[in-house]
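> Shown below is the structure under consideration.
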Amino acid sequence: MRNYYIAGNWKMHKTRAEAAALAQDLTAQLKDGKHQYLVAPTFTALETVGAIIKGSNILLGAQNMASEEQGAHTGEVSVLQLKDLGVQVVILGHSERRHTYKEDDVLINKKVRLALKHGLEVILCVGELLAEREAGKAENICETQTIQGLQGVTAEDVARVTIAYEPVWAIGTGKTATPEDADAIHAYIRGVIARRYGVEAAQKIRIQYGGSVKPENAAQLMAKENIDGALVGGAALKADTFVPIAKFQ
Ligand code: PGA
């Protein structure tokens, strides 16, 4: 059975002291949590948070990384530097990277392969814009982003990949996809994985939902057959809202 995987993306929020306080709260409150957890603080807080969650049931994630190992890439952070800080997982292809910072599938794929090559786990985000959904293209966009994002990834390495379906129109907007709509896309993505990697890999891969996940809607979303967890933004910034999601019943 797939176990639930609940991740908090803290985006560009929190000083080190604020991140440390939240990490301490989460470590204490999720100690008896039954699922897999992850927090992804901003780069500058990774070391601080990593030291606090070490040995707990919470993984340390980064929100992005460079597509090159090292070199003249002003402002970028490399996979080697992330590993040096104890990072275990990297979120790639987040819609803010795709749409605000213009990352395309080719660049995202390069990052995915580099992260996997260095032993990291990957959360690959995919999702359609509102206009794409309205034009009936949601499945198509998610399929393209999944296939291109995983280009060249072996069946063995795909075991270290989680897909996060994040409809762009639901991120930070308070609008959530209905559990039925989300599940339909999750099932579709699972079919894409089955065609590329076989039924067993497709059954095993975890597909998180992201986009305005809140304590009030987490349980209904997680009840769906193909929804294996959540990638949480706004509600991950406070223990008061993240813990009930992480411990949904
Ligand atoms: P949100 O963000 O929960 O604030 O909608 C989700 C995400 O961007 O991963």
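In the structure tokens, chains take letters A, B, ... by order of appearance, with residues numbered from 1 within each chain and ligands from 1 in the order shown.
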Residues of segment 73-126 of chain A that approach segment 20-44 of chain A to 9 Å or less, counting only C-alpha atoms: could you list each one with the shortest pair of atoms and its distance in Å to one decimal, rows by chain and increasing residue number, as CSV?

residue,atom,partner,partner_atom,distance
A:Val77,CA,A:Phe43,CA,8.4
A:Leu82,CA,A:Phe43,CA,8.6
A:Val89,CA,A:Leu38,CA,8.4
A:Val90,CA,A:Ala40,CA,8.2
A:Ile91,CA,A:Ala40,CA,8.1
> Write to file, as a short mmCIF file (atom, residue, chain, number, x, y, z; two decimals), in the first residue's frame, the residues of the selection just made, with all heavy atoms.

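Output file again.cif is given in full below:
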data_model
loop_
_atom_site.label_atom_id
_atom_site.label_comp_id
_atom_site.auth_asym_id
_atom_site.auth_seq_id
_atom_site.Cartn_x
_atom_site.Cartn_y
_atom_site.Cartn_z
N VAL A 77 21.97 27.45 -6.67
CA VAL A 77 22.40 26.56 -5.59
C VAL A 77 22.49 25.14 -6.15
O VAL A 77 21.55 24.65 -6.79
CB VAL A 77 21.42 26.61 -4.40
CG1 VAL A 77 21.81 25.60 -3.33
CG2 VAL A 77 21.38 28.01 -3.81
N LEU A 82 23.33 21.25 -1.63
CA LEU A 82 22.14 20.79 -0.91
C LEU A 82 22.45 19.51 -0.13
O LEU A 82 22.08 19.37 1.04
CB LEU A 82 20.97 20.53 -1.87
CG LEU A 82 20.42 21.76 -2.61
CD1 LEU A 82 19.27 21.35 -3.52
CD2 LEU A 82 19.97 22.83 -1.63
N VAL A 89 15.46 15.61 -0.25
CA VAL A 89 14.43 15.67 -1.30
C VAL A 89 14.48 17.06 -1.93
O VAL A 89 14.74 18.04 -1.24
CB VAL A 89 13.01 15.48 -0.68
CG1 VAL A 89 11.93 15.46 -1.75
CG2 VAL A 89 12.94 14.22 0.19
N VAL A 90 14.21 17.14 -3.23
CA VAL A 90 14.11 18.46 -3.85
C VAL A 90 12.80 18.56 -4.64
O VAL A 90 12.40 17.62 -5.32
CB VAL A 90 15.36 18.80 -4.70
CG1 VAL A 90 15.59 17.82 -5.84
CG2 VAL A 90 15.29 20.23 -5.25
N ILE A 91 12.11 19.69 -4.45
CA ILE A 91 10.88 19.97 -5.20
C ILE A 91 11.30 20.61 -6.52
O ILE A 91 12.04 21.60 -6.53
CB ILE A 91 9.98 20.95 -4.41
CG1 ILE A 91 9.55 20.36 -3.07
CG2 ILE A 91 8.76 21.35 -5.24
CD1 ILE A 91 8.85 21.36 -2.13
#
> Name each residue within 8 Å of ligand 1, counting only C-alpha atoms and all ligand atoms, as an NGL selection string.
:A and (8-9 or 11 or 94-96 or 166 or 170-174 or 210-214 or 231-236)
> Taking the DSSP assignment computed from this structure's backbone, write out as a ChimeraX atom specification all residues of segment 25-57 of chain A that belong to helix (DSSP H, G or I).
/A:25-29,43-53
> Please list as number ranges by chain every residue within 9 Å of Ile163 of chain A, counting only C-alpha atoms and excluding residues in the same chain fewer than 6 positions away.
A: 122-126, 146, 189, 205-209
> Could those selected residues go to a file with N, CA, C and O atoms, as a PDB file, in the first residue's frame?

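Result written to part-v5.pdb:
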ATOM      1  N   VAL A 122      12.908  13.213  -5.480  1.00  0.00           N
ATOM      2  CA  VAL A 122      12.359  14.362  -6.205  1.00  0.00           C
ATOM      3  C   VAL A 122      10.845  14.411  -6.021  1.00  0.00           C
ATOM      4  O   VAL A 122      10.177  13.374  -6.056  1.00  0.00           O
ATOM      5  N   ILE A 123      10.344  15.618  -5.814  1.00  0.00           N
ATOM      6  CA  ILE A 123       8.900  15.848  -5.964  1.00  0.00           C
ATOM      7  C   ILE A 123       8.752  16.672  -7.247  1.00  0.00           C
ATOM      8  O   ILE A 123       9.191  17.826  -7.300  1.00  0.00           O
ATOM      9  N   LEU A 124       8.200  16.061  -8.277  1.00  0.00           N
ATOM     10  CA  LEU A 124       8.034  16.738  -9.568  1.00  0.00           C
ATOM     11  C   LEU A 124       6.617  17.296  -9.648  1.00  0.00           C
ATOM     12  O   LEU A 124       5.642  16.539  -9.606  1.00  0.00           O
ATOM     13  N   CYS A 125       6.525  18.625  -9.729  1.00  0.00           N
ATOM     14  CA  CYS A 125       5.208  19.258  -9.769  1.00  0.00           C
ATOM     15  C   CYS A 125       4.723  19.418 -11.204  1.00  0.00           C
ATOM     16  O   CYS A 125       5.492  19.827 -12.080  1.00  0.00           O
ATOM     17  N   VAL A 126       3.472  19.121 -11.409  1.00  0.00           N
ATOM     18  CA  VAL A 126       2.834  19.315 -12.713  1.00  0.00           C
ATOM     19  C   VAL A 126       1.461  19.946 -12.469  1.00  0.00           C
ATOM     20  O   VAL A 126       0.909  19.825 -11.373  1.00  0.00           O
ATOM     21  N   THR A 146       4.632  15.467 -17.182  1.00  0.00           N
ATOM     22  CA  THR A 146       5.113  14.247 -16.522  1.00  0.00           C
ATOM     23  C   THR A 146       6.113  13.522 -17.424  1.00  0.00           C
ATOM     24  O   THR A 146       7.220  13.174 -16.993  1.00  0.00           O
ATOM     25  N   ILE A 189      -2.624  10.590 -14.457  1.00  0.00           N
ATOM     26  CA  ILE A 189      -1.151  10.618 -14.341  1.00  0.00           C
ATOM     27  C   ILE A 189      -0.634   9.213 -14.008  1.00  0.00           C
ATOM     28  O   ILE A 189       0.384   8.769 -14.540  1.00  0.00           O
ATOM     29  N   ILE A 205       3.938   4.576  -7.215  1.00  0.00           N
ATOM     30  CA  ILE A 205       4.324   5.992  -7.190  1.00  0.00           C
ATOM     31  C   ILE A 205       3.296   6.805  -6.399  1.00  0.00           C
ATOM     32  O   ILE A 205       2.097   6.560  -6.475  1.00  0.00           O
ATOM     33  N   ARG A 206       3.821   7.730  -5.588  1.00  0.00           N
ATOM     34  CA  ARG A 206       2.904   8.555  -4.818  1.00  0.00           C
ATOM     35  C   ARG A 206       2.616   9.840  -5.575  1.00  0.00           C
ATOM     36  O   ARG A 206       3.506  10.473  -6.112  1.00  0.00           O
ATOM     37  N   ILE A 207       1.342  10.187  -5.606  1.00  0.00           N
ATOM     38  CA  ILE A 207       0.920  11.410  -6.293  1.00  0.00           C
ATOM     39  C   ILE A 207       0.235  12.308  -5.268  1.00  0.00           C
ATOM     40  O   ILE A 207      -0.827  11.976  -4.737  1.00  0.00           O
ATOM     41  N   GLN A 208       0.923  13.407  -4.964  1.00  0.00           N
ATOM     42  CA  GLN A 208       0.381  14.360  -3.996  1.00  0.00           C
ATOM     43  C   GLN A 208      -0.524  15.350  -4.714  1.00  0.00           C
ATOM     44  O   GLN A 208      -0.322  15.656  -5.888  1.00  0.00           O
ATOM     45  N   TYR A 209      -1.494  15.885  -3.967  1.00  0.00           N
ATOM     46  CA  TYR A 209      -2.299  16.991  -4.489  1.00  0.00           C
ATOM     47  C   TYR A 209      -1.819  18.275  -3.814  1.00  0.00           C
ATOM     48  O   TYR A 209      -1.518  18.274  -2.606  1.00  0.00           O
TER      49      TYR A 209
END
> What does the distance between atom CA of Val87 of chain A and atom CA of Gly61 of chain A come to in Å, to one decimal place?
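Between atom CA of Val87 of chain A and atom CA of Gly61 of chain A the gap is 5.6 Å.
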> Which residue, A:Ser56, A:Gln151, A:Asn64, A:Thr241, has the smallest gap to Met12 of chain A when you use only C-alpha atoms?
A:Asn64
> Find, counting only C-alpha atoms, the residue in A:Asn226, A:Thr48, A:Gln249, A:Asn217 that gets nearest to Thr176 of chain A.
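For Thr176 of chain A, the nearest of the given residues is A:Asn217.
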> List as a ChimeraX atom specification the protein and nucleic acid residues near Ile6 of chain A, meaning an atom at most 6 Å away when only C-alpha atoms are counted, but skip any in the same chain fewer than 6 places from it.
/A:37,229-230,246
> Could you write out, as a PyMOL selection string, all the residues of segment 19-232 of chain A that DSSP marks as strand (DSSP E or B)?
chain A and resi 36-40+58-62+89-92+121-126+161-165+207-210+229-232
> Using Å and a single decimal, report how far atom CA of His99 of chain A sits from atom CA of Arg190 of chain A.
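Distance between the two atoms: 24.3 Å.
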> Here is a test: counting only C-alpha atoms, which residue of A:Glu18, A:Glu134, A:Glu76, A:Glu139 is nearest to Tyr188 of chain A?
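The answer is A:Glu139, which sits nearest to Tyr188 of chain A.
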> Skip Val106 of chain A itself and residues of its chain fewer than 3 positions away, then list as a compact mmCIF listing (two decimals) with C-alpha atoms, in the first residue's frame all residues within 10 Å of it, counting only C-alpha atoms.

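Final output, saved to out.txt:
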# COMPACT_ATOMS: atom_id res chain seq x y z
CA GLU A 103 11.49 27.16 -16.33
CA ASN A 109 14.09 17.39 -16.68
CA LYS A 110 17.79 18.23 -16.45
CA LYS A 111 17.32 19.07 -12.78
CA VAL A 112 15.31 15.90 -12.14
CA GLN A 145 4.88 17.74 -18.05
CA GLN A 148 9.05 15.38 -20.34
CA GLY A 149 9.98 15.84 -16.69
CA LEU A 150 10.86 12.14 -16.46
CA GLN A 151 12.61 11.86 -19.83
> Between A:Glu143, A:Leu59, A:Ala155, A:Ala164, single out the one closest to Gly198 of chain A, counting only C-alpha atoms.
A:Ala155
> Taking only C-alpha atoms into account, name the residue in A:Ala138, A:Leu107, A:Ala159, A:Ile52 that is nearest to Ile193 of chain A.
A:Ala159
> Of the candidates A:Lys137, A:Leu130, A:Ala194, A:Thr144, which shows the shortest atom-to-atom distance to Val158 of chain A, using only C-alpha atoms?
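Of the candidates, the smallest distance to Val158 of chain A is held by A:Ala194.
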> At a cut-off of 9 Å, using only C-alpha atoms, what residues contact Ala187 of chain A? Leave out same-chain residues fewer than 3 positions from it and give the result as a compact mmCIF listing (two decimals) with N, CA, C and O atoms, in the first residue's frame.

# COMPACT_ATOMS: atom_id res chain seq x y z
N ALA A 182 -9.65 16.28 -8.76
CA ALA A 182 -8.24 16.01 -8.49
C ALA A 182 -7.96 14.52 -8.71
O ALA A 182 -7.00 14.16 -9.39
N ASP A 183 -8.83 13.68 -8.19
CA ASP A 183 -8.61 12.23 -8.31
C ASP A 183 -8.58 11.79 -9.77
O ASP A 183 -7.81 10.90 -10.15
N ALA A 184 -9.42 12.43 -10.59
CA ALA A 184 -9.45 12.06 -12.01
C ALA A 184 -8.10 12.35 -12.67
O ALA A 184 -7.58 11.54 -13.44
N ARG A 190 -1.36 8.50 -13.17
CA ARG A 190 -0.93 7.13 -12.84
C ARG A 190 -0.94 6.26 -14.11
O ARG A 190 -0.06 5.43 -14.30
N GLY A 191 -1.90 6.51 -14.98
CA GLY A 191 -1.95 5.79 -16.25
C GLY A 191 -0.75 6.13 -17.13
O GLY A 191 -0.19 5.26 -17.80
N VAL A 192 -0.35 7.39 -17.10
CA VAL A 192 0.83 7.81 -17.88
C VAL A 192 2.07 7.06 -17.36
O VAL A 192 2.88 6.54 -18.14
N GLU A 225 -8.93 7.52 -4.02
CA GLU A 225 -8.05 6.38 -4.30
C GLU A 225 -6.66 6.75 -4.80
O GLU A 225 -5.67 6.15 -4.43
N ASN A 226 -6.61 7.77 -5.63
CA ASN A 226 -5.33 8.10 -6.27
C ASN A 226 -4.60 9.28 -5.64
O ASN A 226 -3.58 9.72 -6.16
N ILE A 227 -5.12 9.79 -4.54
CA ILE A 227 -4.45 10.92 -3.87
C ILE A 227 -3.68 10.38 -2.67
O ILE A 227 -4.25 9.85 -1.73
